[in-house]
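Undergrad: Here you go, this is query34.csv (CSV, C-alpha atoms).
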```csv
chain,number,residue,atom,x,y,z
J,1,MET,CA,0.0,0.0,0.0
J,2,ARG,CA,2.9,2.4,0.8
J,3,GLN,CA,4.5,1.7,-2.6
J,4,LEU,CA,1.2,2.3,-4.4
J,5,ALA,CA,0.7,5.6,-2.6
J,6,SER,CA,4.3,6.6,-3.3
J,7,ASN,CA,3.8,5.8,-7.0
J,8,THR,CA,0.9,8.2,-7.2
J,9,GLY,CA,2.7,11.0,-5.3
J,10,TYR,CA,1.2,10.4,-1.9
J,11,HIS,CA,3.3,9.9,1.2
J,12,LEU,CA,1.4,8.1,3.9
J,13,GLN,CA,3.4,9.0,7.0
J,14,LEU,CA,1.1,7.0,9.4
J,15,LEU,CA,1.5,3.9,7.3
J,16,SER,CA,5.3,4.4,7.2
J,17,ALA,CA,5.3,4.8,11.0
J,18,VAL,CA,3.4,1.5,11.4
J,19,ILE,CA,5.8,-0.3,9.2
J,20,GLU,CA,8.8,1.1,11.1
J,21,VAL,CA,7.2,0.0,14.5
J,22,ASN,CA,6.7,-3.5,13.1
J,23,ASN,CA,10.3,-3.7,12.0
J,24,LEU,CA,11.5,-2.5,15.4
J,25,GLN,CA,9.4,-5.3,17.0
J,26,LYS,CA,11.4,-7.9,15.0
J,27,ARG,CA,14.7,-6.5,16.2
J,28,ARG,CA,13.3,-6.3,19.7
J,29,ALA,CA,13.0,-10.1,19.9
J,30,ILE,CA,16.6,-10.6,19.0
J,31,GLN,CA,17.8,-8.0,21.5
J,32,LYS,CA,15.7,-9.6,24.3
J,33,LEU,CA,17.3,-13.0,23.6
J,34,LYS,CA,20.8,-11.4,23.5
J,35,ASP,CA,20.0,-9.7,26.9
J,36,GLU,CA,18.9,-13.0,28.4
J,37,LEU,CA,21.5,-15.4,26.9
J,38,GLY,CA,24.4,-12.9,26.8
J,39,THR,CA,25.3,-13.8,23.2
J,40,LEU,CA,23.6,-15.6,20.4
J,41,THR,CA,26.9,-17.0,19.0
J,42,GLY,CA,26.7,-20.8,19.2
J,43,MET,CA,23.2,-20.8,20.7
J,44,ARG,CA,20.4,-23.0,19.3
J,45,VAL,CA,17.2,-21.1,18.7
J,46,ALA,CA,13.9,-22.6,17.6
J,47,LEU,CA,11.5,-20.5,15.4
J,48,LEU,CA,8.0,-21.9,16.0
J,49,GLY,CA,5.8,-20.9,13.1
J,50,LEU,CA,7.2,-19.4,9.9
J,51,THR,CA,4.2,-18.1,7.9
J,52,PHE,CA,2.9,-14.6,8.3
J,53,LYS,CA,-0.3,-15.9,9.8
J,54,PRO,CA,-1.8,-19.3,10.7
J,55,GLY,CA,-3.8,-21.3,8.2
J,56,THR,CA,-1.6,-20.4,5.2
J,57,ASP,CA,1.6,-21.4,3.6
J,58,ASP,CA,2.3,-17.7,2.6
J,59,MET,CA,5.8,-16.6,3.5
J,60,ARG,CA,5.6,-13.1,1.9
J,61,GLU,CA,6.6,-10.4,4.5
J,62,ALA,CA,6.9,-13.2,7.2
J,63,THR,CA,8.6,-12.0,10.4
J,64,SER,CA,10.3,-15.4,10.5
J,65,THR,CA,12.5,-14.5,7.5
J,66,VAL,CA,13.9,-11.4,9.3
J,67,LEU,CA,14.3,-13.3,12.5
J,68,ALA,CA,16.1,-16.2,10.9
J,69,GLY,CA,18.4,-13.9,9.0
J,70,ARG,CA,19.3,-11.9,12.2
J,71,LEU,CA,19.8,-15.0,14.3
J,72,LEU,CA,22.1,-16.5,11.7
J,73,ALA,CA,24.0,-13.2,11.4
J,74,GLU,CA,24.5,-13.3,15.2
J,75,GLY,CA,26.0,-16.8,15.0
J,76,ALA,CA,23.0,-18.8,16.2
J,77,GLU,CA,21.9,-22.2,14.9
J,78,VAL,CA,18.3,-21.9,13.8
J,79,ARG,CA,15.8,-24.7,13.9
J,80,CYS,CA,12.3,-24.2,12.5
J,81,TRP,CA,8.8,-25.7,12.7
J,82,ASP,CA,5.7,-24.8,10.8
J,83,PRO,CA,2.9,-27.1,9.6
J,84,MET,CA,2.4,-25.5,6.2
J,85,ALA,CA,5.3,-23.1,5.3
J,86,ARG,CA,7.3,-23.8,2.2
J,87,PRO,CA,10.2,-21.4,2.4
J,88,ALA,CA,12.1,-20.9,-0.8
J,89,GLU,CA,15.5,-22.6,-1.2
J,90,VAL,CA,17.3,-19.3,-0.5
J,91,GLU,CA,19.0,-17.7,2.4
J,92,PRO,CA,18.2,-17.6,5.3
J,93,TRP,CA,16.2,-20.8,4.9
J,94,THR,CA,19.0,-22.9,3.3
J,95,SER,CA,21.0,-22.3,6.5
J,96,THR,CA,18.3,-23.5,8.9
J,97,THR,CA,17.1,-26.9,10.0
J,98,ARG,CA,13.4,-27.7,9.4
J,99,LEU,CA,11.8,-30.2,11.8
J,100,ALA,CA,8.5,-32.0,11.8
J,101,THR,CA,7.2,-31.0,15.2
J,102,PRO,CA,7.6,-28.1,17.7
J,103,GLU,CA,8.9,-30.7,20.2
J,104,LEU,CA,11.8,-31.7,17.8
J,105,ALA,CA,12.5,-28.0,17.0
J,106,VAL,CA,13.0,-27.0,20.6
J,107,GLU,CA,15.0,-30.1,21.6
J,108,GLY,CA,18.4,-29.0,22.9
J,109,ALA,CA,17.5,-25.3,22.2
J,110,ASP,CA,18.7,-22.4,24.3
J,111,ALA,CA,15.6,-20.4,23.3
J,112,ALA,CA,12.4,-20.6,21.3
J,113,ILE,CA,10.4,-17.9,19.6
J,114,VAL,CA,6.7,-18.2,18.9
J,115,VAL,CA,6.4,-16.4,15.6
J,116,THR,CA,3.0,-17.6,14.3
J,117,GLU,CA,0.1,-18.3,16.5
J,118,TRP,CA,-0.6,-21.8,15.2
J,119,PRO,CA,-3.2,-23.7,17.3
J,120,GLN,CA,-0.7,-26.6,17.6
J,121,LEU,CA,1.5,-24.4,19.7
J,122,LYS,CA,-1.4,-23.5,22.0
J,123,GLU,CA,-2.0,-27.2,22.6
J,124,ALA,CA,1.7,-28.3,22.7
J,125,ASP,CA,3.2,-30.1,25.7
J,126,TRP,CA,5.2,-27.1,27.0
J,127,ALA,CA,6.2,-28.9,30.2
J,128,GLY,CA,7.7,-31.8,28.2
J,129,MET,CA,9.3,-29.3,25.8
J,130,ALA,CA,10.9,-27.3,28.6
J,131,ALA,CA,12.5,-30.6,29.9
J,132,THR,CA,14.3,-31.1,26.5
J,133,MET,CA,15.6,-27.6,26.1
J,134,ARG,CA,19.2,-26.6,27.2
J,135,ARG,CA,17.7,-23.4,28.6
J,136,PRO,CA,13.9,-23.0,28.6
J,137,VAL,CA,13.9,-19.4,27.3
J,138,LEU,CA,10.7,-18.4,25.5
J,139,PHE,CA,10.0,-15.3,23.5
J,140,ASP,CA,6.3,-15.4,22.8
J,141,GLY,CA,6.0,-12.9,19.9
J,142,ARG,CA,2.3,-13.4,19.5
J,143,ASN,CA,1.3,-13.5,23.3
J,144,LEU,CA,-0.2,-16.9,22.5
J,145,LEU,CA,0.6,-18.5,25.8
J,146,ASP,CA,-0.2,-17.7,29.5
J,147,PRO,CA,2.9,-16.0,31.0
J,148,ARG,CA,2.2,-17.3,34.5
J,149,GLU,CA,1.7,-20.8,33.3
J,150,MET,CA,4.9,-20.7,31.2
J,151,ARG,CA,6.9,-19.4,34.2
J,152,GLY,CA,5.4,-22.1,36.4
J,153,LEU,CA,6.7,-24.7,33.9
J,154,GLY,CA,10.2,-23.3,34.3
J,155,TYR,CA,10.4,-21.0,31.3
J,156,THR,CA,12.1,-17.6,31.3
J,157,TYR,CA,9.1,-16.1,29.5
J,158,MET,CA,9.2,-12.9,27.5
J,159,GLY,CA,6.0,-11.6,25.8
J,160,GLY,CA,6.2,-10.0,22.4
J,161,ARG,CA,3.9,-7.1,23.1
J,162,PRO,CA,2.1,-5.7,26.1
J,163,PRO,CA,-0.8,-7.8,27.1
J,164,LEU,CA,-4.3,-6.5,26.4
J,165,THR,CA,-6.1,-5.2,29.4
J,166,HIS,CA,-9.8,-5.4,29.9
J,167,ALA,CA,-11.9,-2.8,31.8
J,168,ALA,CA,-13.2,-4.0,35.1
J,169,GLU,CA,-16.7,-5.3,34.9
```
Translate the structure of the given file into structure tokens.

TA:
Amino acid sequence: MRQLASNTGYHLQLLSAVIEVNNLQKRRAIQKLKDELGTLTGMRVALLGLTFKPGTDDMREATSTVLAGRLLAEGAEVRCWDPMARPAEVEPWTSTTRLATPELAVEGADAAIVVTEWPQLKEADWAGMAATMRRPVLFDGRNLLDPREMRGLGYTYMGGRPPLTHAAE
């Protein structure tokens, strides 16, 4: 939409600001992991969900592509799970390991990032997954999971955005 507006001589500042905030959020996940782990060099990080939204195999503008690229640039090993995604055989995807289940993706991982809010992740055995991780560090970029429950299972839990608040009834 921004490109179409620009082609016709309009400059949508609000849209540009929204795009910039979205790009900052992607970098925020990487910085939070670095703050928690100290470094990403040599760390194993699982990306859970690759598509830009659940229920599709569409990878256009997918946050996972930016995250995978940044993680690899920082020296991390990247493992991925998504039930439908078909990433192109290009970087960063040729340098990642694709696994069949979320459980396999997090095995031995120092951290995991929930990128797409697939229902399989909501229903996953997070207690069992924590037990297989080197460090149960979880960045929930979609705020899919209950922070208290995840912390109770032993995760260092970081939400991707401020939780929604509801007015008192």

Undergrad: Which protein, DNA or RNA residues are at most 12 Å from (22.8, -17.0, 28.7) in the file's coordinates when you count all atoms listed in the file, listed as a ChimeraX atom specification?

TA: /J:32-44,109-111,134-137,156

Undergrad: Check the smallest atom-to-atom distance from each of J:Ala112, J:Met150, J:Cys80, J:Leu72 to Gly49 (chain J) using only C-alpha atoms, then report the winner.

TA: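 Closest to Gly49 (chain J), using only C-alpha atoms: J:Cys80.
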
Undergrad: Between CA of Gly128 (chain J) and CA of Thr56 (chain J), what distance in Å does the model show, to one decimal?

TA: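 Here the two named atoms are 27.3 Å from each other.
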
Undergrad: When distances are computed from only C-alpha atoms, which of J:Asp82, J:Glu89, J:Glu149, J:Asp125 shows the smallest separation from Ala105 (chain J)?

TA: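 When distances to Ala105 (chain J) are compared using only C-alpha atoms, the smallest one comes from J:Asp82.
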
Undergrad: Could you give me, as a list in words, the residues within 10 Å of Arg60 (chain J), counting all atoms listed in the file and dropping anything in the same chain fewer than 3 positions from it?

TA: Thr51, Phe52, Asp57, Thr63, Thr65 and Pro87 of chain J

Undergrad: Which one is closest to Ala68 (chain J): J:Ala100, J:Met129, J:Ala124, J:Ile30? Count all atoms listed in the file.

TA: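 Closest candidate: J:Ile30.
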
Undergrad: Residues at most 7 Å from Val114 (chain J), counting only C-alpha atoms, excluding those fewer than 6 positions away in the same chain, as a list in words?

TA: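 Contacts, in chain order: Leu47, Leu48, Gly49, Phe139, Asp140, Gly141 and Arg142 of chain J.
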
Undergrad: So, counting only C-alpha atoms, which residue among J:Met158, J:Ala131, J:Ala88, J:Met59 is closest to Glu107 (chain J)?

TA: J:Ala131

Undergrad: Please output region 116-127 of chain J, rebuilt to include all heavy atoms, as a compact mmCIF listing (two decimals), in the coordinates of the input.

TA:
```txt
# COMPACT_ATOMS: atom_id res chain seq x y z
N THR J 116 4.38 -17.48 14.84
CA THR J 116 3.00 -17.60 14.30
C THR J 116 2.13 -18.29 15.26
O THR J 116 2.53 -19.31 15.81
CB THR J 116 3.05 -18.32 12.93
OG1 THR J 116 4.09 -17.78 12.10
CG2 THR J 116 1.72 -18.22 12.21
N GLU J 117 0.95 -17.78 15.47
CA GLU J 117 0.10 -18.30 16.50
C GLU J 117 -0.73 -19.55 16.01
O GLU J 117 -1.96 -19.57 16.01
CB GLU J 117 -0.86 -17.24 17.07
CG GLU J 117 -1.79 -16.57 16.09
CD GLU J 117 -1.18 -15.39 15.37
OE1 GLU J 117 0.03 -15.32 15.15
OE2 GLU J 117 -1.96 -14.51 14.97
N TRP J 118 -0.01 -20.60 15.62
CA TRP J 118 -0.60 -21.80 15.20
C TRP J 118 -1.33 -22.50 16.39
O TRP J 118 -0.78 -22.51 17.49
CB TRP J 118 0.41 -22.79 14.63
CG TRP J 118 0.89 -22.41 13.26
CD1 TRP J 118 2.05 -21.77 12.96
CD2 TRP J 118 0.22 -22.65 12.03
NE1 TRP J 118 2.14 -21.59 11.60
CE2 TRP J 118 1.03 -22.13 11.00
CE3 TRP J 118 -0.98 -23.26 11.68
CZ2 TRP J 118 0.69 -22.19 9.66
CZ3 TRP J 118 -1.33 -23.32 10.35
CH2 TRP J 118 -0.51 -22.79 9.35
N PRO J 119 -2.53 -23.08 16.20
CA PRO J 119 -3.20 -23.70 17.30
C PRO J 119 -2.41 -24.90 17.89
O PRO J 119 -2.52 -25.19 19.08
CB PRO J 119 -4.53 -24.25 16.69
CG PRO J 119 -4.51 -23.93 15.25
CD PRO J 119 -3.32 -23.08 14.97
N GLN J 120 -1.57 -25.54 17.09
CA GLN J 120 -0.70 -26.60 17.60
C GLN J 120 0.20 -26.15 18.70
O GLN J 120 0.55 -26.92 19.60
CB GLN J 120 0.11 -27.23 16.46
CG GLN J 120 -0.68 -27.93 15.39
CD GLN J 120 -1.02 -27.02 14.21
OE1 GLN J 120 -1.35 -25.85 14.38
NE2 GLN J 120 -0.96 -27.56 13.01
N LEU J 121 0.58 -24.89 18.66
CA LEU J 121 1.50 -24.40 19.70
C LEU J 121 0.68 -24.10 20.98
O LEU J 121 1.19 -24.30 22.08
CB LEU J 121 2.14 -23.08 19.22
CG LEU J 121 3.13 -23.28 18.07
CD1 LEU J 121 3.67 -21.94 17.60
CD2 LEU J 121 4.26 -24.21 18.48
N LYS J 122 -0.55 -23.68 20.86
CA LYS J 122 -1.40 -23.50 22.00
C LYS J 122 -1.61 -24.78 22.77
O LYS J 122 -1.66 -24.82 23.99
CB LYS J 122 -2.73 -22.84 21.59
CG LYS J 122 -3.62 -22.43 22.71
CD LYS J 122 -3.20 -21.12 23.29
CE LYS J 122 -4.26 -20.63 24.25
NZ LYS J 122 -3.72 -19.67 25.19
N GLU J 123 -1.70 -25.87 22.00
CA GLU J 123 -2.00 -27.20 22.60
C GLU J 123 -0.76 -28.03 22.84
O GLU J 123 -0.87 -29.16 23.31
CB GLU J 123 -2.91 -27.94 21.58
CG GLU J 123 -4.21 -27.22 21.30
CD GLU J 123 -4.87 -27.62 19.98
OE1 GLU J 123 -4.35 -28.53 19.30
OE2 GLU J 123 -5.89 -27.01 19.64
N ALA J 124 0.42 -27.51 22.58
CA ALA J 124 1.70 -28.30 22.70
C ALA J 124 1.94 -28.65 24.17
O ALA J 124 1.46 -28.02 25.10
CB ALA J 124 2.83 -27.48 22.15
N ASP J 125 2.76 -29.67 24.36
CA ASP J 125 3.20 -30.10 25.70
C ASP J 125 4.39 -29.26 26.11
O ASP J 125 5.54 -29.67 26.00
CB ASP J 125 3.57 -31.61 25.63
CG ASP J 125 4.15 -32.11 26.94
OD1 ASP J 125 4.04 -31.41 27.98
OD2 ASP J 125 4.76 -33.20 26.93
N TRP J 126 4.10 -28.08 26.60
CA TRP J 126 5.20 -27.10 27.00
C TRP J 126 5.99 -27.62 28.13
O TRP J 126 7.18 -27.33 28.21
CB TRP J 126 4.57 -25.75 27.19
CG TRP J 126 4.16 -25.12 25.91
CD1 TRP J 126 2.90 -25.07 25.37
CD2 TRP J 126 5.02 -24.47 24.96
NE1 TRP J 126 2.93 -24.43 24.16
CE2 TRP J 126 4.21 -24.06 23.88
CE3 TRP J 126 6.38 -24.21 24.91
CZ2 TRP J 126 4.73 -23.39 22.78
CZ3 TRP J 126 6.91 -23.54 23.82
CH2 TRP J 126 6.09 -23.14 22.77
N ALA J 127 5.38 -28.39 29.05
CA ALA J 127 6.20 -28.90 30.20
C ALA J 127 7.20 -29.92 29.64
O ALA J 127 8.38 -29.85 30.01
CB ALA J 127 5.23 -29.62 31.17
```
